[in-house]
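A.B. asks: Got a file for you: work-v4.csv, CSV, C-alpha atoms and all ligand atoms.
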```
chain,number,residue,atom,x,y,z
A,244,MET,CA,-11.1,6.4,-14.9
A,245,SER,CA,-7.6,7.7,-14.1
A,246,SER,CA,-4.8,5.2,-13.9
A,247,SER,CA,-1.9,7.6,-13.7
A,248,ALA,CA,-0.5,9.7,-10.8
A,249,GLY,CA,2.5,12.0,-10.3
A,250,ARG,CA,3.5,15.2,-12.0
A,251,ALA,CA,7.3,14.9,-12.4
A,252,ILE,CA,7.6,11.2,-11.9
A,253,ARG,CA,4.6,9.7,-13.7
A,254,TYR,CA,3.2,6.3,-12.7
A,255,THR,CA,0.7,4.5,-14.9
A,256,LEU,CA,-0.9,1.3,-13.8
A,257,PHE,CA,-2.5,-1.3,-16.2
A,258,GLY,CA,-3.9,-4.8,-16.1
A,259,GLU,CA,-6.7,-6.9,-14.6
A,260,SER,CA,-6.4,-9.7,-12.0
A,261,HIS,CA,-7.4,-12.5,-14.4
A,262,GLY,CA,-6.2,-11.0,-17.7
A,263,HIS,CA,-2.8,-11.7,-19.3
A,264,GLY,CA,-0.9,-9.7,-16.8
A,265,ILE,CA,-0.6,-6.5,-14.8
A,266,GLY,CA,2.0,-3.9,-14.8
A,267,ALA,CA,3.1,-0.3,-14.6
A,268,VAL,CA,5.1,2.3,-16.5
A,269,LEU,CA,7.3,4.7,-14.5
A,270,ASP,CA,8.4,7.7,-16.5
A,271,GLY,CA,10.8,10.5,-15.5
A,272,ILE,CA,13.7,8.7,-14.0
A,273,PRO,CA,16.9,10.0,-15.8
A,274,ALA,CA,19.5,7.8,-17.5
A,275,GLY,CA,22.3,6.3,-15.5
A,276,VAL,CA,20.6,5.5,-12.2
A,277,GLU,CA,21.7,2.2,-10.8
A,278,ILE,CA,18.8,-0.1,-9.9
A,279,ASP,CA,19.3,-3.5,-8.3
A,280,GLU,CA,16.6,-5.8,-9.8
A,281,ALA,CA,17.1,-8.3,-7.0
A,282,LEU,CA,15.8,-5.6,-4.5
A,283,ILE,CA,12.6,-5.3,-6.6
A,284,ARG,CA,12.1,-9.0,-6.2
A,285,THR,CA,12.7,-8.7,-2.4
A,286,ASP,CA,9.9,-6.1,-2.1
A,287,LEU,CA,7.5,-8.1,-4.4
A,288,ASP,CA,8.1,-11.2,-2.3
A,289,ARG,CA,6.7,-9.4,0.8
A,290,ARG,CA,3.4,-8.9,-0.9
A,291,LYS,CA,2.9,-11.9,-3.0
A,292,PRO,CA,0.1,-14.3,-2.2
A,293,GLY,CA,1.0,-17.4,-0.2
A,294,ALA,CA,4.0,-15.6,1.5
A,295,SER,CA,2.6,-16.8,4.8
A,296,ARG,CA,0.3,-19.5,6.0
A,297,LEU,CA,-2.0,-16.7,7.1
A,298,SER,CA,-2.4,-15.6,3.4
A,299,THR,CA,-4.5,-16.7,0.4
A,300,LYS,CA,-3.6,-19.9,-1.4
A,301,ARG,CA,-3.5,-18.2,-4.8
A,302,SER,CA,-0.1,-19.1,-6.0
A,303,GLU,CA,1.5,-16.4,-8.1
A,304,ASP,CA,5.3,-16.0,-8.5
A,305,ASP,CA,4.8,-12.3,-9.0
A,306,ALA,CA,8.1,-11.8,-10.8
A,307,ALA,CA,8.3,-8.4,-12.5
A,308,GLU,CA,9.8,-8.5,-16.0
A,309,ILE,CA,11.4,-5.1,-16.8
A,310,LEU,CA,10.5,-4.6,-20.5
A,311,SER,CA,12.2,-1.3,-21.0
A,312,GLY,CA,14.1,1.6,-19.4
A,313,MET,CA,16.9,-0.5,-18.0
A,314,ARG,CA,20.2,-1.7,-19.4
A,315,GLU,CA,22.9,-3.6,-17.5
A,316,GLY,CA,21.7,-2.5,-14.1
A,317,ARG,CA,21.2,1.1,-15.0
A,318,THR,CA,18.2,3.2,-16.2
A,319,SER,CA,18.4,4.1,-19.8
A,320,GLY,CA,16.3,7.3,-19.6
A,321,GLY,CA,13.2,6.0,-21.2
A,322,PRO,CA,10.0,4.8,-19.3
A,323,LEU,CA,10.6,1.9,-17.0
A,324,ALA,CA,7.9,-0.7,-17.9
A,325,PHE,CA,7.1,-3.6,-15.6
A,326,LEU,CA,5.1,-6.6,-16.5
A,327,ILE,CA,3.8,-9.2,-14.0
A,328,ARG,CA,2.1,-12.1,-15.7
A,329,ASN,CA,-1.0,-13.7,-14.2
A,330,ALA,CA,-0.7,-17.5,-13.9
A,331,ASP,CA,-3.0,-18.9,-11.2
A,332,ALA,CA,-6.4,-17.4,-12.1
A,333,HIS,CA,-9.6,-19.3,-11.4
A,334,SER,CA,-12.1,-17.2,-13.2
A,335,SER,CA,-15.0,-19.7,-12.9
A,336,ASP,CA,-15.1,-18.7,-9.2
A,337,TYR,CA,-16.7,-15.3,-10.2
A,338,ASP,CA,-20.2,-14.7,-11.3
A,339,PRO,CA,-20.4,-11.2,-12.8
A,340,ASP,CA,-24.3,-11.3,-12.6
A,341,LEU,CA,-24.2,-11.6,-8.8
A,342,PRO,CA,-22.0,-8.8,-7.3
A,343,ARG,CA,-20.0,-9.4,-4.1
A,344,PRO,CA,-21.1,-7.2,-1.3
A,345,SER,CA,-18.6,-4.4,-0.6
A,346,HIS,CA,-16.2,-5.3,-3.4
A,347,ALA,CA,-16.1,-2.9,-6.4
A,348,ASP,CA,-18.3,-5.4,-8.4
A,349,LEU,CA,-21.6,-3.4,-8.1
A,350,PRO,CA,-20.3,0.2,-8.6
A,351,ALA,CA,-18.0,-0.9,-11.4
A,352,THR,CA,-20.9,-2.6,-13.2
A,353,LEU,CA,-23.1,0.4,-12.7
A,354,LYS,CA,-20.4,2.6,-14.2
A,355,HIS,CA,-19.1,0.5,-17.0
A,356,GLY,CA,-21.9,-2.0,-17.8
A,357,SER,CA,-21.4,-5.6,-18.6
A,358,ALA,CA,-18.2,-5.0,-20.6
A,359,VAL,CA,-16.1,-4.5,-17.4
A,360,ASP,CA,-13.7,-7.3,-16.5
A,361,LEU,CA,-14.4,-8.1,-12.9
A,362,ARG,CA,-12.9,-11.6,-12.8
A,363,GLY,CA,-10.9,-11.8,-9.6
A,364,GLY,CA,-11.8,-8.2,-8.9
A,365,GLY,CA,-10.5,-7.0,-12.3
A,366,ARG,CA,-8.6,-3.8,-12.0
A,367,PHE,CA,-10.0,-3.3,-8.5
A,368,SER,CA,-8.1,-6.4,-7.2
A,369,GLY,CA,-5.5,-6.1,-4.5
A,370,ARG,CA,-3.3,-7.8,-7.0
A,371,LEU,CA,-2.8,-4.4,-8.7
A,372,THR,CA,-0.6,-3.4,-5.8
A,373,ALA,CA,2.1,-5.7,-7.2
A,374,PRO,CA,3.2,-3.2,-9.9
A,375,LEU,CA,3.0,-0.4,-7.3
A,376,VAL,CA,5.4,-2.4,-5.2
A,377,ALA,CA,7.8,-2.9,-8.1
A,378,ALA,CA,7.8,0.8,-9.0
A,379,GLY,CA,8.1,1.6,-5.3
A,380,ALA,CA,11.2,-0.6,-5.1
A,381,VAL,CA,12.8,1.7,-7.7
A,382,ALA,CA,11.8,4.8,-5.7
A,383,ARG,CA,13.1,3.2,-2.5
A,384,GLN,CA,16.6,2.6,-3.9
A,385,ILE,CA,16.8,6.1,-5.3
A,386,LEU,CA,15.7,7.8,-2.1
A,387,MET,CA,17.8,5.6,0.2
A,388,ARG,CA,20.9,7.0,-1.5
A,389,ARG,CA,20.0,10.4,-0.1
A,390,GLY,CA,19.1,9.1,3.3
A,391,ILE,CA,15.3,8.8,2.9
A,392,SER,CA,13.7,5.6,3.9
A,393,ALA,CA,10.2,4.3,4.6
A,394,GLY,CA,9.0,1.4,6.7
A,395,GLY,CA,5.9,0.4,8.5
A,396,HIS,CA,4.5,-2.1,11.0
A,397,ILE,CA,1.1,-3.6,11.7
A,398,LEU,CA,-0.6,-1.2,14.1
A,399,SER,CA,-3.6,-3.5,14.7
A,400,ILE,CA,-5.5,-6.5,13.5
A,401,ALA,CA,-9.1,-6.7,14.7
A,402,ASP,CA,-8.9,-5.8,18.5
A,403,VAL,CA,-5.2,-6.6,18.9
A,404,ALA,CA,-2.9,-3.5,18.8
A,405,ASP,CA,0.9,-3.1,18.5
A,406,GLN,CA,2.7,-0.2,20.2
A,407,ALA,CA,2.5,2.9,18.1
A,408,PHE,CA,5.5,5.1,17.0
A,409,ASP,CA,6.4,7.5,19.8
A,410,LEU,CA,5.1,11.0,18.8
A,411,SER,CA,6.4,12.6,22.0
A,412,LYS,CA,9.9,12.9,20.3
A,413,GLY,CA,10.7,14.9,17.2
A,414,GLU,CA,13.2,12.2,16.0
A,415,GLY,CA,11.3,9.2,14.8
A,416,PRO,CA,12.2,5.6,14.4
A,417,ASP,CA,15.7,4.9,12.9
A,418,ALA,CA,16.5,3.4,9.6
A,419,ALA,CA,17.6,0.1,11.1
A,420,LEU,CA,14.2,-0.4,12.7
A,421,LEU,CA,12.4,0.5,9.5
A,422,GLU,CA,14.6,-1.9,7.6
A,423,SER,CA,14.0,-4.7,10.1
A,424,PHE,CA,10.2,-4.4,9.6
A,425,ARG,CA,10.7,-5.4,6.0
A,426,ARG,CA,11.9,-8.9,6.9
A,427,GLU,CA,8.6,-9.9,8.6
A,428,TYR,CA,5.2,-10.8,7.2
A,429,LEU,CA,3.7,-9.2,10.4
A,430,PRO,CA,6.2,-6.5,11.4
A,431,LEU,CA,5.7,-5.4,14.9
A,432,ILE,CA,7.2,-3.1,17.5
A,433,ASN,CA,5.9,-5.2,20.4
A,434,GLU,CA,6.6,-8.9,19.6
A,435,GLY,CA,4.3,-9.8,22.5
A,436,VAL,CA,1.2,-9.3,20.4
A,437,ARG,CA,2.3,-11.5,17.5
A,438,GLY,CA,0.5,-14.7,18.7
A,439,ALA,CA,-2.8,-12.9,19.4
A,440,MET,CA,-2.7,-11.2,16.0
A,441,GLU,CA,-2.1,-14.5,14.2
A,442,THR,CA,-4.9,-16.1,16.2
A,443,ARG,CA,-7.3,-13.3,15.1
A,444,ILE,CA,-6.5,-14.0,11.5
A,445,GLU,CA,-6.7,-17.8,11.9
A,446,ARG,CA,-10.0,-17.5,13.7
A,447,ALA,CA,-11.5,-15.3,11.0
A,448,LYS,CA,-10.4,-17.9,8.4
A,449,ASN,CA,-11.9,-20.8,10.4
A,450,ASP,CA,-15.1,-18.8,10.8
A,451,MET,CA,-15.3,-18.1,7.1
A,452,ASP,CA,-15.0,-14.4,8.0
A,453,SER,CA,-12.4,-11.7,7.6
A,454,VAL,CA,-10.7,-9.1,9.8
A,455,GLY,CA,-9.3,-5.6,9.2
A,456,GLY,CA,-6.8,-3.5,10.9
A,457,ALA,CA,-4.3,-0.6,10.5
A,458,VAL,CA,-0.7,-0.1,9.5
A,459,GLU,CA,1.6,2.7,10.6
A,460,VAL,CA,4.3,3.9,8.2
A,461,ALA,CA,7.2,6.3,8.9
A,462,VAL,CA,9.3,8.1,6.2
A,463,ILE,CA,12.5,9.5,7.6
A,464,GLY,CA,15.2,11.8,6.1
A,465,LEU,CA,12.8,14.0,4.2
A,466,PRO,CA,14.1,17.6,3.6
A,467,ALA,CA,12.2,20.3,5.6
A,468,GLY,CA,10.3,22.4,3.1
A,469,LEU,CA,9.2,19.6,0.9
A,470,GLY,CA,5.6,19.8,-0.4
A,471,GLU,CA,3.6,22.0,-2.8
A,472,PRO,CA,0.4,22.9,-0.9
A,473,PRO,CA,-2.4,23.1,-0.9
A,474,PHE,CA,-3.1,20.4,-3.5
A,475,GLU,CA,0.4,18.8,-3.7
A,476,GLY,CA,1.2,19.3,0.0
A,477,VAL,CA,2.8,16.4,1.8
A,478,GLU,CA,-0.5,15.1,3.2
A,479,SER,CA,-2.6,15.7,0.1
A,480,ALA,CA,-0.1,14.2,-2.3
A,481,LEU,CA,0.3,11.1,-0.1
A,482,ALA,CA,-3.5,10.8,0.3
A,483,GLN,CA,-4.0,10.5,-3.4
A,484,TRP,CA,-1.6,7.6,-3.7
A,485,ILE,CA,-2.6,5.9,-0.4
A,486,PHE,CA,-6.3,5.7,-1.3
A,487,ALA,CA,-5.3,4.1,-4.6
A,488,VAL,CA,-4.4,1.0,-2.5
A,489,PRO,CA,-7.6,-1.1,-2.4
A,490,ALA,CA,-9.3,-1.6,1.0
A,491,VAL,CA,-7.8,1.6,2.6
A,492,LYS,CA,-10.7,3.4,4.2
A,493,ALA,CA,-9.1,5.9,6.5
A,494,LEU,CA,-5.8,7.8,6.7
A,495,GLU,CA,-4.4,9.9,9.5
A,496,PHE,CA,-1.2,11.8,10.1
A,497,GLY,CA,0.6,12.1,13.5
A,498,ALA,CA,-1.9,12.2,16.3
A,499,GLY,CA,-4.6,12.2,13.6
A,500,THR,CA,-8.1,11.6,14.9
A,501,ALA,CA,-6.8,11.8,18.5
A,502,PHE,CA,-6.5,15.6,17.9
A,503,ALA,CA,-10.2,15.8,18.3
A,504,ARG,CA,-9.9,15.2,22.0
A,505,MET,CA,-6.8,17.2,22.7
A,506,LYS,CA,-6.2,20.7,24.0
A,507,GLY,CA,-3.8,23.0,22.0
A,508,SER,CA,-1.3,22.7,24.9
A,509,GLU,CA,-1.3,18.9,24.4
A,510,ALA,CA,-1.5,18.9,20.6
A,511,ASN,CA,1.3,21.5,19.8
A,512,ASP,CA,4.8,20.4,19.0
A,513,PRO,CA,7.3,22.8,20.7
A,514,ILE,CA,10.0,24.3,18.5
A,515,VAL,CA,13.4,23.3,19.8
A,516,LEU,CA,17.0,23.5,18.6
A,517,ARG,CA,18.2,20.2,17.1
A,518,GLY,CA,21.7,20.1,15.7
A,519,GLY,CA,21.7,24.0,15.9
A,520,LYS,CA,18.5,24.2,13.7
A,521,PRO,CA,14.9,24.9,14.8
A,522,ALA,CA,12.7,21.8,14.6
A,523,PRO,CA,9.5,20.5,16.2
A,524,GLY,CA,10.5,18.7,19.4
A,525,SER,CA,7.6,16.3,19.2
A,526,ASN,CA,5.8,14.8,16.2
A,527,ARG,CA,2.1,15.0,16.9
A,528,ALA,CA,1.7,16.8,13.5
A,529,GLY,CA,3.2,13.7,11.8
A,530,GLY,CA,6.0,15.5,9.9
A,531,ALA,CA,4.1,18.3,8.1
A,532,ASN,CA,2.4,21.6,8.9
A,533,GLY,CA,0.5,23.5,6.3
A,534,GLY,CA,1.3,20.7,3.9
A,535,ILE,CA,5.1,21.4,4.1
A,536,ALA,CA,7.5,18.9,5.6
A,537,ASN,CA,8.8,20.2,8.9
A,538,GLY,CA,12.0,18.0,9.1
A,539,ASN,CA,10.5,15.4,11.4
A,540,PRO,CA,9.6,11.9,10.1
A,541,VAL,CA,6.3,11.8,8.2
A,542,ILE,CA,4.2,9.3,10.1
A,543,PHE,CA,0.8,8.1,8.8
A,544,ARG,CA,-1.7,5.4,9.8
A,545,ALA,CA,-3.9,3.7,7.2
A,546,THR,CA,-7.0,1.8,8.2
A,547,ILE,CA,-7.7,-1.3,6.1
A,548,ARG,CA,-11.2,-2.8,6.0
A,549,PRO,CA,-11.9,-6.5,6.5
A,550,THR,CA,-11.6,-8.4,3.2
A,551,PRO,CA,-15.0,-8.1,1.4
A,552,SER,CA,-15.0,-11.6,0.0
A,553,ILE,CA,-16.1,-14.0,2.7
A,554,ALA,CA,-17.5,-17.4,2.3
A,555,ARG,CA,-20.5,-16.8,4.6
A,556,PRO,CA,-24.0,-16.4,3.0
A,557,GLN,CA,-24.6,-12.7,2.3
A,558,ARG,CA,-27.3,-10.7,0.5
A,559,SER,CA,-26.9,-9.6,-3.1
A,560,VAL,CA,-29.0,-9.0,-6.2
A,561,ARG,CA,-28.9,-11.0,-9.4
A,562,LEU,CA,-28.5,-8.2,-12.0
A,563,SER,CA,-30.1,-10.0,-14.9
A,564,SER,CA,-33.4,-10.7,-13.0
A,565,MET,CA,-33.2,-7.9,-10.5
A,566,ALA,CA,-34.1,-10.4,-7.8
A,567,GLU,CA,-32.5,-10.5,-4.4
A,568,GLU,CA,-30.4,-13.7,-4.0
A,569,GLU,CA,-28.1,-15.2,-1.4
A,570,ILE,CA,-24.4,-15.2,-2.4
A,571,ILE,CA,-21.7,-17.5,-1.1
A,572,VAL,CA,-18.4,-16.0,-2.4
A,573,LYS,CA,-16.1,-18.6,-3.8
A,574,GLY,CA,-12.4,-18.2,-4.7
A,575,ARG,CA,-9.3,-17.9,-2.6
A,576,HIS,CA,-9.3,-14.8,-0.4
A,577,ASP,CA,-7.1,-13.5,2.4
A,578,PRO,CA,-8.9,-13.6,5.7
A,579,CYS,CA,-6.9,-10.4,6.4
A,580,VAL,CA,-5.2,-8.2,3.7
A,581,VAL,CA,-3.5,-5.8,6.2
A,582,PRO,CA,-0.1,-7.5,6.0
A,583,ARG,CA,-0.2,-7.6,2.2
A,584,ALA,CA,-1.4,-4.0,1.9
A,585,LEU,CA,1.6,-2.7,3.9
A,586,PRO,CA,4.3,-3.0,1.1
A,587,GLY,CA,1.9,-1.3,-1.3
A,588,LEU,CA,1.4,1.6,1.2
A,589,GLU,CA,5.1,2.0,1.6
A,590,ALA,CA,5.5,2.0,-2.2
A,591,ALA,CA,2.7,4.6,-2.5
A,592,ALA,CA,4.5,6.8,0.0
A,593,LEU,CA,7.9,6.5,-1.6
A,594,LEU,CA,6.6,7.2,-5.1
A,595,SER,CA,4.5,10.2,-4.0
A,596,LEU,CA,7.4,11.8,-2.1
A,597,LEU,CA,9.9,11.1,-4.9
A,598,ASP,CA,7.5,12.9,-7.2
A,599,LEU,CA,7.4,15.9,-4.8
A,600,ILE,CA,11.2,16.0,-4.5
A,601,VAL,CA,11.6,15.9,-8.3
A,602,GLN,CA,8.9,18.6,-8.7
A,603,ALA,CA,11.0,20.8,-6.4
A,604,GLU,CA,14.6,19.9,-7.4
A,605,GLY,CA,14.6,18.2,-10.7
A,606,VAL,CA,16.5,14.9,-11.3
A,607,ALA,CA,20.2,15.9,-11.5
A,608,TRP,CA,20.8,14.7,-7.9
A,609,MET,CA,19.8,11.1,-8.8
A,610,ARG,CA,22.8,10.4,-11.1
B,1,LIG,C1,-3.0,-6.9,-1.2
B,1,LIG,C2,-4.5,-6.9,-1.2
B,1,LIG,C3,-5.1,-8.1,-1.4
B,1,LIG,C4,-6.5,-8.1,-1.4
B,1,LIG,N1,-7.2,-9.3,-1.6
B,1,LIG,C5,-8.5,-9.4,-1.6
B,1,LIG,C6,-9.2,-10.6,-1.7
B,1,LIG,O1,-8.5,-11.7,-1.8
B,1,LIG,N2,-10.5,-10.6,-1.7
B,1,LIG,C7,-11.3,-9.5,-1.6
B,1,LIG,O2,-12.5,-9.5,-1.6
B,1,LIG,N3,-10.6,-8.3,-1.5
B,1,LIG,C8,-9.3,-8.2,-1.4
B,1,LIG,N4,-8.7,-7.0,-1.3
B,1,LIG,C9,-9.5,-5.8,-1.1
B,1,LIG,C10,-10.3,-5.3,-2.3
B,1,LIG,O3,-9.5,-5.2,-3.4
B,1,LIG,C11,-11.0,-4.0,-2.0
B,1,LIG,O4,-11.7,-4.1,-0.8
B,1,LIG,C12,-12.0,-3.7,-3.2
B,1,LIG,O5,-11.3,-3.4,-4.4
B,1,LIG,C13,-13.0,-2.5,-2.9
B,1,LIG,O6,-12.2,-1.3,-2.7
B,1,LIG,P1,-12.4,-0.5,-1.3
B,1,LIG,O7,-12.4,-1.5,-0.2
B,1,LIG,O8,-11.1,0.3,-1.3
B,1,LIG,O9,-13.6,0.3,-1.4
B,1,LIG,C14,-7.3,-6.9,-1.3
B,1,LIG,C15,-6.6,-5.7,-1.1
B,1,LIG,C16,-5.2,-5.7,-1.0
B,1,LIG,C17,-4.5,-4.4,-0.8
```
Let me see the file written as structure tokens.
C.D. replies:
Amino acid sequence: MSSSAGRAIRYTLFGESHGHGIGAVLDGIPAGVEIDEALIRTDLDRRKPGASRLSTKRSEDDAAEILSGMREGRTSGGPLAFLIRNADAHSSDYDPDLPRPSHADLPATLKHGSAVDLRGGGRFSGRLTAPLVAAGAVARQILMRRGISAGGHILSIADVADQAFDLSKGEGPDAALLESFRREYLPLINEGVRGAMETRIERAKNDMDSVGGAVEVAVIGLPAGLGEPPFEGVESALAQWIFAVPAVKALEFGAGTAFARMKGSEANDPIVLRGGKPAPGSNRAGGANGGIANGNPVIFRATIRPTPSIARPQRSVRLSSMAEEEIIVKGRHDPCVVPRALPGLEAAALLSLLDLIVQAEGVAWMR
């Protein structure tokens, strides 16, 4: 298993959903960088369980203790270590002998045997996005000072779709819009679909079922030329982090899968002069060509599956007897994890892009 990512800014994740706690170590941030701990709290509050009536009833405060790497509001040059303690775990809700369909229970048991801790999803739980969000809040503050920001909205829940970002223009959404998204549990461009989205989530909950959807994230202000292709190109670097967020099953950049139905004349972004510099005049590529940032916003969409744990009867196998058995999953599960995955996806994007910037430029600019 690999719990670390990043070359220049190294991120290491630890913990299990029902163990003592979860956390992360972020290494590579130089000394003397001002970090507002209250802003880490703000980002964590967006993802914590119970943040909305549409979310799970697991009640976790999700406060991140910073164990090291900070002194009086500034980084000290050592690794930043975050610890988030687990408080509200109901481990009796989980039977390790009867794996939940489509969670990681079965493959993790086949890989690790019975020693694996799968209570509450163990290290495969969506809860492990909390340390990602805490570390991402540090990256957000550092990048914001050089005019780079990230924000996303809910593109769809079940069959209800929000308006997508406009790819016909090279300039993307502005920082004020991205910032406003961060104040909502269901951030939307078209407010008119809010009621229908909420209804889809409530209906899934009442039906003891779950729904999936997609989020769309924009990162603005990135320097043209960023990216170390082919394996650390903008898309490949982002993909590694984005697929570390549980329940993400597809990722596309710019026009993404719609490219399959386009002609070159429809798909190409013309090169125009913007502020006296050549730049793509539309953004169907989603901000990168050849893995290198082209100066337009990086825009990606991530598809998030319906929550695997549903309370309806499903088929499973009792591992000790190797007999098929009906399972009714207990525990407190979100009928839709899309809104709670979004802050994790923003954090994943910020951390991967910060790492690419530091790979190219070092850290002197941060101080
Ligand atoms: C914020 C968040 C919360 C999640 N909560 C749950 C949950 O309550 N119950 C559940 O079955 N899955 C939940 N998931 C999804 C599972 O963790 C995920 O589907 C599982 O680890 C299998 O991984 P995969 O879907 O990426 O293949 C959540 C995911 C995220 C991002």
A.B. asks: Dig up all the protein and nucleic acid residues within 12 Å of (-0.6, -4.8, -1.1) in the file frame, using all atoms listed in the file, and format them as a PyMOL selection string.
C.D. replies: chain A and resi 286-292+298+368-377+379+428+458+485-491+547+577+579-591
A.B. asks: Would you kindly identify which residues have an atom no farther than 12 Å from (-7.2, -20.5, 9.3), using all atoms listed in the file and the file's own coordinates, and write them out as a CSV table (one decimal) with C-alpha atoms, keeping the file's coordinate frame?
C.D. replies:
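Ended up saving to point-v8.csv:
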```csv
chain,number,residue,atom,x,y,z
A,295,SER,CA,2.6,-16.8,4.8
A,296,ARG,CA,0.3,-19.5,6.0
A,297,LEU,CA,-2.0,-16.7,7.1
A,298,SER,CA,-2.4,-15.6,3.4
A,299,THR,CA,-4.5,-16.7,0.4
A,300,LYS,CA,-3.6,-19.9,-1.4
A,441,GLU,CA,-2.1,-14.5,14.2
A,442,THR,CA,-4.9,-16.1,16.2
A,443,ARG,CA,-7.3,-13.3,15.1
A,444,ILE,CA,-6.5,-14.0,11.5
A,445,GLU,CA,-6.7,-17.8,11.9
A,446,ARG,CA,-10.0,-17.5,13.7
A,447,ALA,CA,-11.5,-15.3,11.0
A,448,LYS,CA,-10.4,-17.9,8.4
A,449,ASN,CA,-11.9,-20.8,10.4
A,450,ASP,CA,-15.1,-18.8,10.8
A,451,MET,CA,-15.3,-18.1,7.1
A,452,ASP,CA,-15.0,-14.4,8.0
A,453,SER,CA,-12.4,-11.7,7.6
A,454,VAL,CA,-10.7,-9.1,9.8
A,576,HIS,CA,-9.3,-14.8,-0.4
A,577,ASP,CA,-7.1,-13.5,2.4
A,578,PRO,CA,-8.9,-13.6,5.7
A,579,CYS,CA,-6.9,-10.4,6.4
```
A.B. asks: Name all residues at most 12 Å from A:Gly497 (count only C-alpha atoms; drop same-chain ones fewer than 5 positions away) and give them as JSON, numbers by chain.
C.D. replies: {"A": [407, 408, 409, 410, 411, 412, 413, 415, 459, 460, 461, 478, 502, 510, 511, 512, 525, 526, 527, 528, 529, 530, 531, 532, 539, 540, 541, 542, 543, 544, 545]}
A.B. asks: Write the residues you've just listed into a file as a short mmCIF file (atom, residue, chain, number, x, y, z; two decimals), keeping the file's coordinate frame, and include C-alpha atoms for each of them.
C.D. replies:
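Contents of the output file again.cif:
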```cif
data_model
loop_
_atom_site.label_atom_id
_atom_site.label_comp_id
_atom_site.auth_asym_id
_atom_site.auth_seq_id
_atom_site.Cartn_x
_atom_site.Cartn_y
_atom_site.Cartn_z
CA ALA A 407 2.50 2.90 18.10
CA PHE A 408 5.50 5.10 17.00
CA ASP A 409 6.40 7.50 19.80
CA LEU A 410 5.10 11.00 18.80
CA SER A 411 6.40 12.60 22.00
CA LYS A 412 9.90 12.90 20.30
CA GLY A 413 10.70 14.90 17.20
CA GLY A 415 11.30 9.20 14.80
CA GLU A 459 1.60 2.70 10.60
CA VAL A 460 4.30 3.90 8.20
CA ALA A 461 7.20 6.30 8.90
CA GLU A 478 -0.50 15.10 3.20
CA PHE A 502 -6.50 15.60 17.90
CA ALA A 510 -1.50 18.90 20.60
CA ASN A 511 1.30 21.50 19.80
CA ASP A 512 4.80 20.40 19.00
CA SER A 525 7.60 16.30 19.20
CA ASN A 526 5.80 14.80 16.20
CA ARG A 527 2.10 15.00 16.90
CA ALA A 528 1.70 16.80 13.50
CA GLY A 529 3.20 13.70 11.80
CA GLY A 530 6.00 15.50 9.90
CA ALA A 531 4.10 18.30 8.10
CA ASN A 532 2.40 21.60 8.90
CA ASN A 539 10.50 15.40 11.40
CA PRO A 540 9.60 11.90 10.10
CA VAL A 541 6.30 11.80 8.20
CA ILE A 542 4.20 9.30 10.10
CA PHE A 543 0.80 8.10 8.80
CA ARG A 544 -1.70 5.40 9.80
CA ALA A 545 -3.90 3.70 7.20
#
```
A.B. asks: Using only C-alpha atoms, which of A:Ile400, A:Ala248, A:Leu361, A:Ala306 sits nearest A:His261?
C.D. replies: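 The answer is A:Leu361, which sits nearest to A:His261.
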A.B. asks: Once you count only C-alpha atoms, what closest atom pair and distance in Å to one decimal does each residue of stretch 585-604 of chain A within 8 Å of stretch 380-386 of chain A have, with rows by chain and rising residue number, as a Markdown table?
C.D. replies:
```
| residue | atom | partner | partner_atom | distance |
| --- | --- | --- | --- | --- |
| A:Ala590 | CA | A:Ala380 | CA | 6.9 |
| A:Leu593 | CA | A:Ala382 | CA | 5.9 |
| A:Leu594 | CA | A:Ala382 | CA | 5.8 |
| A:Leu597 | CA | A:Ala382 | CA | 6.6 |
```
A.B. asks: Find the spatial neighbours of stretch 551-561 of chain A, counting only C-alpha atoms, within a cut-off of 6 Å - ignore same-chain residues fewer than 4 positions away - and output them as an mmCIF file with C-alpha atoms, in the coordinates of the input.
C.D. replies:
```cif
data_model
loop_
_atom_site.group_PDB
_atom_site.id
_atom_site.type_symbol
_atom_site.label_atom_id
_atom_site.label_comp_id
_atom_site.auth_asym_id
_atom_site.auth_seq_id
_atom_site.Cartn_x
_atom_site.Cartn_y
_atom_site.Cartn_z
ATOM 1 C CA ASP A 340 -24.300 -11.300 -12.600
ATOM 2 C CA LEU A 341 -24.200 -11.600 -8.800
ATOM 3 C CA SER A 345 -18.600 -4.400 -0.600
ATOM 4 C CA HIS A 346 -16.200 -5.300 -3.400
ATOM 5 C CA MET A 451 -15.300 -18.100 7.100
ATOM 6 C CA ASP A 452 -15.000 -14.400 8.000
ATOM 7 C CA MET A 565 -33.200 -7.900 -10.500
ATOM 8 C CA ALA A 566 -34.100 -10.400 -7.800
ATOM 9 C CA GLU A 567 -32.500 -10.500 -4.400
ATOM 10 C CA GLU A 568 -30.400 -13.700 -4.000
ATOM 11 C CA GLU A 569 -28.100 -15.200 -1.400
ATOM 12 C CA ILE A 570 -24.400 -15.200 -2.400
ATOM 13 C CA ILE A 571 -21.700 -17.500 -1.100
ATOM 14 C CA VAL A 572 -18.400 -16.000 -2.400
#
```
A.B. asks: Using all atoms listed in the file, find the one residue out of A:Ile252, A:Ile600, A:Leu349, A:Met313 that sits nearest to ligand LIG 1 (chain B).
C.D. replies: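 Residue with the minimum atom-to-atom distance to ligand LIG 1 (chain B): A:Leu349.
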A.B. asks: So what do you get for atom N4 of ligand LIG 1 (chain B) versus atom CA of A:Leu421, distance-wise?
C.D. replies: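 Pair atom N4 of ligand LIG 1 (chain B) / atom CA of A:Leu421 returns 24.9 Å.
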